[in-house]
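Here is the file entry-v6.txt (compact mmCIF, C-alpha atoms).
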# COMPACT_ATOMS: atom_id res chain seq x y z
CA MET A 28 0.00 0.00 0.00
CA ASN A 29 1.13 3.54 -0.76
CA TYR A 30 1.05 6.39 1.76
CA TYR A 31 0.94 10.17 1.94
CA ILE A 32 2.63 12.41 4.49
CA ALA A 33 0.83 15.55 5.64
CA ILE A 34 2.53 18.38 7.51
CA ASP A 35 0.95 21.22 9.51
CA ILE A 36 3.49 23.95 10.27
CA GLY A 37 2.55 26.29 13.11
CA GLY A 38 4.36 28.98 15.01
CA THR A 39 4.32 26.90 18.19
CA GLN A 40 4.20 23.32 16.97
CA LEU A 41 4.91 21.12 13.96
CA ARG A 42 2.56 18.21 13.23
CA ALA A 43 3.09 15.34 10.84
CA ALA A 44 0.83 12.44 9.90
CA VAL A 45 1.03 9.42 7.62
CA PHE A 46 -2.15 8.47 5.74
CA PRO A 47 -2.79 5.29 3.74
CA GLU A 48 -3.83 5.97 0.16
CA ASP A 49 -7.42 4.84 0.75
CA SER A 50 -8.20 6.65 4.01
CA SER A 51 -8.30 10.06 5.71
CA ILE A 52 -7.50 8.44 9.07
CA PRO A 53 -3.77 8.62 9.85
CA VAL A 54 -1.82 5.52 10.81
CA ILE A 55 0.58 7.71 12.78
CA ILE A 56 0.50 11.32 13.91
CA ARG A 57 3.16 13.22 15.87
CA LYS A 58 3.83 16.76 16.99
CA ILE A 59 6.82 18.62 18.37
CA PRO A 60 7.52 22.24 19.31
CA THR A 61 8.43 24.30 16.25
CA GLN A 62 11.37 25.96 17.93
CA GLN A 63 13.96 24.77 20.40
CA GLU A 64 17.08 26.54 21.53
CA GLY A 65 20.11 25.54 19.51
CA GLU A 66 18.15 23.94 16.66
CA ILE A 67 16.67 25.61 13.60
CA PRO A 68 13.00 24.89 12.73
CA LEU A 69 13.87 23.45 9.31
CA ASN A 70 16.04 20.73 10.87
CA ARG A 71 13.29 20.01 13.38
CA LEU A 72 10.88 19.56 10.47
CA TYR A 73 13.29 17.14 8.79
CA SER A 74 13.56 15.13 12.02
CA LEU A 75 9.80 15.03 12.45
CA ILE A 76 9.26 13.68 8.94
CA ASP A 77 11.98 11.08 9.51
CA SER A 78 10.25 9.99 12.72
CA VAL A 79 6.88 9.31 11.07
CA TRP A 80 8.51 7.72 8.04
CA ALA A 81 10.68 5.46 10.15
CA GLU A 82 9.63 2.24 8.42
CA LYS A 83 10.18 3.85 5.01
CA GLN A 84 6.74 2.98 3.71
CA PRO A 85 6.26 3.77 0.00
CA VAL A 86 5.28 7.45 0.23
CA VAL A 87 3.75 8.94 -2.91
CA SER A 88 4.03 12.62 -1.95
CA ILE A 89 4.11 15.15 0.90
CA GLY A 90 1.60 17.96 1.43
CA VAL A 91 2.57 20.89 3.63
CA ALA A 92 0.28 23.49 5.23
CA VAL A 93 2.00 26.78 6.04
CA PRO A 94 0.67 29.74 8.04
CA GLY A 95 0.87 33.03 6.18
CA PRO A 96 1.51 33.74 2.50
CA VAL A 97 3.00 30.94 0.40
CA ASP A 98 3.40 30.64 -3.36
CA PRO A 99 2.01 27.19 -4.21
CA TYR A 100 3.31 27.40 -7.79
CA THR A 101 6.97 27.84 -6.82
CA GLY A 102 6.86 26.22 -3.38
CA ILE A 103 8.30 29.32 -1.72
CA VAL A 104 7.21 30.39 1.75
CA MET A 105 7.01 34.18 1.52
CA GLU A 106 6.88 34.73 5.27
CA THR A 107 5.51 33.03 8.35
CA PRO A 108 4.31 34.52 11.62
CA ASN A 109 6.41 33.48 14.61
CA ILE A 110 9.07 31.55 12.67
CA ARG A 111 12.09 33.77 12.42
CA GLY A 112 14.05 33.67 9.19
CA TRP A 113 11.37 31.98 7.08
CA THR A 114 11.20 34.70 4.42
CA ASP A 115 11.31 33.71 0.74
CA LEU A 116 12.19 30.19 1.88
CA PRO A 117 12.23 27.57 -0.95
CA LEU A 118 10.73 24.93 1.33
CA GLN A 119 9.38 22.72 -1.46
CA LYS A 120 12.85 22.37 -3.00
CA TYR A 121 14.48 21.70 0.37
CA LEU A 122 12.00 18.92 1.16
CA GLU A 123 12.15 17.36 -2.30
CA ASP A 124 15.95 17.37 -2.24
CA ARG A 125 15.92 15.76 1.19
CA PHE A 126 13.16 13.14 0.79
CA HIS A 127 13.09 12.53 -3.01
CA VAL A 128 9.30 12.59 -3.41
CA PRO A 129 7.02 15.31 -4.84
CA VAL A 130 6.08 18.03 -2.34
CA ALA A 131 3.31 20.64 -2.50
CA LEU A 132 2.77 23.66 -0.26
CA GLY A 133 -0.41 25.57 0.57
CA ASN A 134 -1.72 28.19 2.96
CA ASP A 135 -3.22 26.53 6.04
CA ALA A 136 -6.65 28.22 5.83
CA ASN A 137 -6.90 27.42 2.11
CA LEU A 138 -6.12 23.79 2.87
CA ALA A 139 -8.72 23.68 5.64
CA ALA A 140 -11.25 24.67 2.98
CA LEU A 141 -9.94 21.90 0.73
CA ALA A 142 -10.28 19.41 3.59
CA GLU A 143 -13.89 20.29 4.41
CA TRP A 144 -14.77 20.12 0.71
CA ARG A 145 -13.03 16.80 0.06
CA TYR A 146 -13.66 14.98 3.33
CA GLY A 147 -15.93 17.06 5.57
CA VAL A 148 -19.25 18.85 5.63
CA GLY A 149 -18.69 20.30 2.14
CA ARG A 150 -18.62 16.98 0.29
CA GLY A 151 -20.77 17.08 -2.83
CA HIS A 152 -20.68 20.87 -3.21
CA ARG A 153 -19.08 22.43 -6.30
CA HIS A 154 -18.95 25.90 -4.73
CA LEU A 155 -17.84 26.36 -1.11
CA VAL A 156 -16.60 29.21 1.06
CA TYR A 157 -14.77 28.34 4.28
CA VAL A 158 -14.11 30.92 7.00
CA THR A 159 -12.17 30.11 10.16
CA VAL A 160 -12.83 32.40 13.13
CA SER A 161 -10.31 31.98 15.91
CA THR A 162 -7.26 34.00 17.00
CA GLY A 163 -7.47 35.46 13.50
CA ILE A 164 -9.86 35.09 10.59
CA GLY A 165 -8.83 33.25 7.45
CA GLY A 166 -10.49 31.23 4.76
CA GLY A 167 -10.55 29.47 1.47
CA VAL A 168 -12.80 29.19 -1.58
CA ILE A 169 -13.73 26.24 -3.77
CA ALA A 170 -15.07 27.40 -7.14
CA ASP A 171 -16.26 24.81 -9.67
CA ASN A 172 -14.56 22.03 -7.71
CA ARG A 173 -11.20 23.84 -7.68
CA LEU A 174 -9.37 25.59 -4.86
CA LEU A 175 -9.16 29.30 -5.71
CA LEU A 176 -5.52 30.36 -5.51
CA GLY A 177 -5.04 33.54 -7.55
CA GLN A 178 -1.99 34.67 -9.50
CA ARG A 179 0.53 34.14 -6.67
CA GLY A 180 -1.50 31.83 -4.45
CA LEU A 181 -2.58 34.76 -2.28
CA ALA A 182 -6.34 34.60 -2.89
CA ALA A 183 -9.05 34.22 -0.25
CA GLU A 184 -7.64 36.32 2.59
CA LEU A 185 -11.22 36.52 3.80
CA GLY A 186 -10.39 38.04 7.19
CA HIS A 187 -8.60 41.01 5.67
CA VAL A 188 -11.45 42.86 4.04
CA THR A 189 -12.18 46.36 5.31
CA VAL A 190 -15.41 46.50 7.29
CA ASP A 191 -14.81 49.84 9.03
CA PRO A 192 -12.02 52.10 7.70
CA ASP A 193 -11.90 53.90 11.06
CA GLY A 194 -12.12 50.69 13.08
CA PRO A 195 -9.59 49.01 15.36
CA LEU A 196 -6.10 48.06 14.22
CA CYS A 197 -5.82 44.61 12.70
CA SER A 198 -2.93 42.22 13.34
CA CYS A 199 -1.74 42.95 9.79
CA GLY A 200 -1.31 46.64 10.59
CA LYS A 201 -4.35 47.93 8.67
CA ARG A 202 -7.49 49.33 10.26
CA GLY A 203 -11.00 47.98 10.38
CA HIS A 204 -10.52 44.54 8.85
CA LEU A 205 -13.04 41.83 9.66
CA GLU A 206 -10.40 40.11 11.81
CA ALA A 207 -10.07 43.25 13.94
CA LEU A 208 -13.81 43.27 14.61
CA ALA A 209 -14.92 39.65 14.82
CA SER A 210 -12.03 37.34 15.80
CA GLY A 211 -11.86 35.87 19.30
CA PRO A 212 -9.29 38.41 20.56
CA ALA A 213 -11.30 41.24 18.95
CA MET A 214 -14.41 40.24 20.90
CA ALA A 215 -12.43 39.99 24.13
CA ARG A 216 -10.73 43.34 23.51
CA TRP A 217 -14.05 45.12 22.88
CA ALA A 218 -15.59 43.60 26.03
CA ALA A 219 -12.56 44.67 28.10
CA GLU A 220 -12.83 48.22 26.76
CA GLU A 221 -16.51 48.33 27.67
CA LEU A 222 -15.72 47.04 31.17
CA ASN A 223 -13.19 49.82 31.60
CA LYS A 224 -15.94 52.30 30.73
CA GLY A 225 -17.90 51.01 33.71
CA ARG A 226 -20.32 48.65 31.97
CA PRO A 227 -21.80 46.13 34.43
CA SER A 228 -20.85 42.52 33.77
CA CYS A 229 -19.84 39.30 35.47
CA LEU A 230 -16.65 39.38 33.38
CA PRO A 231 -13.43 40.08 35.29
CA PRO A 232 -11.98 43.56 34.71
CA GLY A 233 -8.64 44.07 32.97
CA LEU A 234 -7.27 43.74 29.46
CA ALA A 235 -6.27 40.07 29.86
CA LEU A 236 -9.80 38.94 29.04
CA THR A 237 -10.10 35.92 26.71
CA ALA A 238 -12.69 34.92 24.14
CA LYS A 239 -13.36 31.77 26.16
CA GLN A 240 -14.32 33.89 29.18
CA VAL A 241 -16.62 35.99 27.03
CA ALA A 242 -18.27 32.84 25.66
CA GLU A 243 -18.78 31.41 29.13
CA ALA A 244 -20.30 34.67 30.36
CA ALA A 245 -22.56 34.87 27.30
CA SER A 246 -23.75 31.31 27.89
CA ALA A 247 -24.66 32.37 31.43
CA GLY A 248 -26.71 35.27 30.05
CA ASP A 249 -24.35 38.16 30.73
CA THR A 250 -25.62 41.17 28.77
CA LEU A 251 -22.22 42.61 27.86
CA ALA A 252 -20.86 39.25 26.70
CA LEU A 253 -23.98 38.62 24.63
CA GLU A 254 -23.52 42.03 23.03
CA ALA A 255 -19.92 41.14 22.17
CA PHE A 256 -21.15 38.07 20.26
CA GLN A 257 -23.98 40.02 18.65
CA ARG A 258 -21.55 42.69 17.46
CA ALA A 259 -19.03 40.16 16.08
CA GLY A 260 -21.72 37.94 14.53
CA THR A 261 -23.34 40.89 12.78
CA ALA A 262 -19.98 41.99 11.32
CA LEU A 263 -19.36 38.44 10.16
CA GLY A 264 -22.83 37.98 8.67
CA ARG A 265 -22.68 41.31 6.84
CA THR A 266 -19.31 40.41 5.32
CA LEU A 267 -20.38 36.84 4.54
CA ALA A 268 -23.31 38.30 2.59
CA ASP A 269 -20.70 40.04 0.44
CA TYR A 270 -18.98 36.68 -0.09
CA LEU A 271 -22.30 35.22 -1.24
CA HIS A 272 -22.54 38.06 -3.78
CA ILE A 273 -18.99 37.45 -5.02
CA PHE A 274 -18.72 33.64 -4.97
CA ASN A 275 -22.37 32.43 -4.89
CA PRO A 276 -21.52 29.26 -2.91
CA SER A 277 -24.02 26.53 -2.10
CA ILE A 278 -22.42 26.09 1.34
CA LEU A 279 -20.52 28.39 3.66
CA VAL A 280 -18.56 26.61 6.39
CA ILE A 281 -17.58 28.32 9.64
CA GLY A 282 -14.58 26.80 11.43
CA GLY A 283 -12.22 27.78 14.22
CA GLY A 284 -12.64 28.07 17.96
CA VAL A 285 -15.28 30.80 17.88
CA SER A 286 -17.57 28.59 15.75
CA GLN A 287 -17.80 26.21 18.72
CA SER A 288 -19.89 28.87 20.49
CA GLY A 289 -22.86 27.58 18.51
CA SER A 290 -25.96 29.75 18.42
CA LEU A 291 -24.17 32.58 20.25
CA ILE A 292 -22.30 33.39 17.04
CA LEU A 293 -24.41 31.60 14.41
CA ASP A 294 -27.73 33.32 15.22
CA PRO A 295 -26.44 36.87 14.59
CA ILE A 296 -24.58 35.63 11.50
CA ARG A 297 -27.79 34.16 10.06
CA ALA A 298 -29.78 37.29 10.88
CA ALA A 299 -27.20 39.56 9.23
CA LEU A 300 -26.96 37.31 6.18
CA CYS A 301 -30.70 37.55 5.62
CA GLN A 302 -30.65 41.32 6.19
CA TYR A 303 -27.73 42.22 3.94
CA VAL A 304 -27.96 39.78 1.03
CA ILE A 305 -29.16 41.71 -2.02
CA SER A 306 -31.53 39.00 -3.25
CA PRO A 307 -33.17 36.03 -1.54
CA HIS A 308 -32.06 33.91 -4.51
CA TYR A 309 -28.56 33.82 -3.01
CA LEU A 310 -30.09 31.84 -0.17
CA ASP A 311 -31.86 29.31 -2.42
CA SER A 312 -30.57 25.85 -1.41
CA PHE A 313 -27.83 27.62 0.56
CA ILE A 314 -26.38 25.95 3.67
CA LEU A 315 -24.60 27.64 6.57
CA ALA A 316 -22.66 24.92 8.38
CA THR A 317 -20.00 24.51 11.02
CA ALA A 318 -16.77 22.66 10.22
CA SER A 319 -16.75 18.92 10.86
CA LEU A 320 -13.09 17.84 10.87
CA GLY A 321 -11.99 19.35 14.19
CA ASP A 322 -8.37 19.98 15.09
CA ASP A 323 -7.04 17.80 12.26
CA VAL A 324 -8.67 19.85 9.49
CA VAL A 325 -5.39 21.41 8.32
CA LEU A 326 -3.56 18.08 8.33
CA ILE A 327 -6.37 16.54 6.29
CA GLY A 328 -6.15 19.51 3.93
CA ALA A 329 -2.43 18.84 3.50
CA LEU A 330 -3.36 15.23 2.72
CA ALA A 331 -5.86 16.38 0.10
CA LEU A 332 -3.15 18.58 -1.43
CA ALA A 333 -0.65 15.71 -1.52
CA GLN A 334 -3.23 13.54 -3.29
CA THR A 335 -3.38 16.02 -6.20
CA LEU A 336 0.28 15.50 -7.06
CA PRO A 337 1.33 13.02 -9.74
CA GLU A 338 3.20 9.93 -8.60
CA PRO A 339 6.99 10.10 -9.10

Write-out of the structure in structure tokens:
Amino acid sequence: MNYYIAIDIGGTQLRAAVFPEDSSIPVIIRKIPTQQEGEIPLNRLYSLIDSVWAEKQPVVSIGVAVPGPVDPYTGIVMETPNIRGWTDLPLQKYLEDRFHVPVALGNDANLAALAEWRYGVGRGHRHLVYVTVSTGIGGGVIADNRLLLGQRGLAAELGHVTVDPDGPLCSCGKRGHLEALASGPAMARWAAEELNKGRPSCLPPGLALTAKQVAEAASAGDTLALEAFQRAGTALGRTLADYLHIFNPSILVIGGGVSQSGSLILDPIRAALCQYVISPHYLDSFILATASLGDDVVLIGALALAQTLPEP
């Protein structure tokens, strides 16, 4: 039997899994910290791949999910958050030279979209939009059964659309992006600011508030926490209506930690979608769904990417 290796590169940890050719369930999966004093991350990645490929099974190809911008056509990592020195890194070439099998690279949020379309809740849909709402907001688009990449592989930065030009500063340095208004940290930051203005709430004061605390307070009926979800969900729903206008998907999948808040975030999203969509026909046979593949979604996306490569 042939196998595929899937890699999920993160700023804090590296994950690798080996999948048989006929299954999306890994036969082995391992993770290690991305960085360790005295050892460069690239060598740690080599060691991790060696460790899951210890028996030297016949591996067809390797798929790699990378955070941040990556050129999937050249296999160059343009830059990565939290991994120092990974700028214009020819990672595909390095891995192919080392392991002698075809390698493909993709942005992690794009590959999560590919995973949900190929193996998750999006199966059977030709047109899918995936949005992950967590520490940041990212996404991916399937159009006519193909992952939308763009000229340099930089398409579908769905969290970096301007919702409010005078809004809060985004992690990218621009103002008023969706991520700055509706991500988990954005909700927590807004609630903390309101607390500092004297708003009554069961939430603890101080700027160290977390999205999890806001979710717990909202579940308990706290008015301020509920408003934080209403505000974020409305911003999301309004922007997702724009995505319906642009991409006309049959399914829109919400992933990431914030999606696990259920109706707290989904109800205001649905309400805003219905309010801001320009025609009810965009909602004909349309499905709003939550992601189904859990924490392994990016690894499974890297698997799906590896499966698109020709055998050596």

message = Please determine, counting all atoms listed in the file, which residue among A:Leu72, A:Val128, A:Val280, A:Val54 has the shortest atom-to-atom distance to Ile169 in chain A.
response =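 The answer is A:Val280, which sits nearest to Ile169 in chain A.
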
ask   = Hey, what's within 10 Å of range 218-230 of chain A if we count only C-alpha atoms and toss same-chain stuff fewer than 6 positions away? As a list of chain:residue names, please?
value =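 That gives A:Pro212, A:Leu236, A:Thr237, A:Ala238, A:Gln240, A:Val241, A:Glu243, A:Ala244, A:Ala245, A:Ala247, A:Gly248, A:Asp249, A:Thr250, A:Leu251, A:Ala252, A:Leu253, A:Glu254, A:Ala255, A:Phe256.
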
ask   = For Tyr73 in chain A, which residue among A:Ala136, A:Val93, A:Leu41, A:Ala182 is the nearest when counting all atoms listed in the file?
value =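 Nearest to Tyr73 in chain A: A:Leu41.
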
message = I'd like to know which of A:Ala262, A:Met28, A:Phe46, A:Val160 is closest to Gly194 in chain A, using only C-alpha atoms.
response =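 For Gly194 in chain A, the nearest of the candidates is A:Ala262.
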
Contacts of Ala44 in chain A within 9 Å, all atoms listed in the file, excl. fewer than 4 positions in-chain, as a short mmCIF file (atom, residue, chain, number, x, y, z; two decimals) with C-alpha atoms, in the coordinates of the input:
data_model
loop_
_atom_site.label_atom_id
_atom_site.label_comp_id
_atom_site.auth_asym_id
_atom_site.auth_seq_id
_atom_site.Cartn_x
_atom_site.Cartn_y
_atom_site.Cartn_z
CA TYR A 31 0.94 10.17 1.94
CA ILE A 32 2.63 12.41 4.49
CA ALA A 33 0.83 15.55 5.64
CA ILE A 34 2.53 18.38 7.51
CA ASP A 35 0.95 21.22 9.51
CA PRO A 53 -3.77 8.62 9.85
CA VAL A 54 -1.82 5.52 10.81
CA ILE A 55 0.58 7.71 12.78
CA ILE A 56 0.50 11.32 13.91
CA ARG A 57 3.16 13.22 15.87
CA LYS A 58 3.83 16.76 16.99
CA ILE A 76 9.26 13.68 8.94
CA VAL A 79 6.88 9.31 11.07
CA LEU A 326 -3.56 18.08 8.33
CA LEU A 330 -3.36 15.23 2.72
#

key: A:Leu271, A:Ile89, A:Leu116, A:Val325 ranked by distance to Leu155 in chain A, top pick (using only C-alpha atoms)   = A:Leu271

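Rounded to one decimal, CA of Leu310 in chain A and CA of Arg150 in chain A lie 18.8 Å from each other.
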
Residue contacts of range 315-317 of chain A (6 Å, only C-alpha atoms) excluding same-chain residues fewer than 3 positions away, as a list in words =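 Everything that qualifies: Ile278, Leu279, Val280, Ile281 and Gly282 of chain A.
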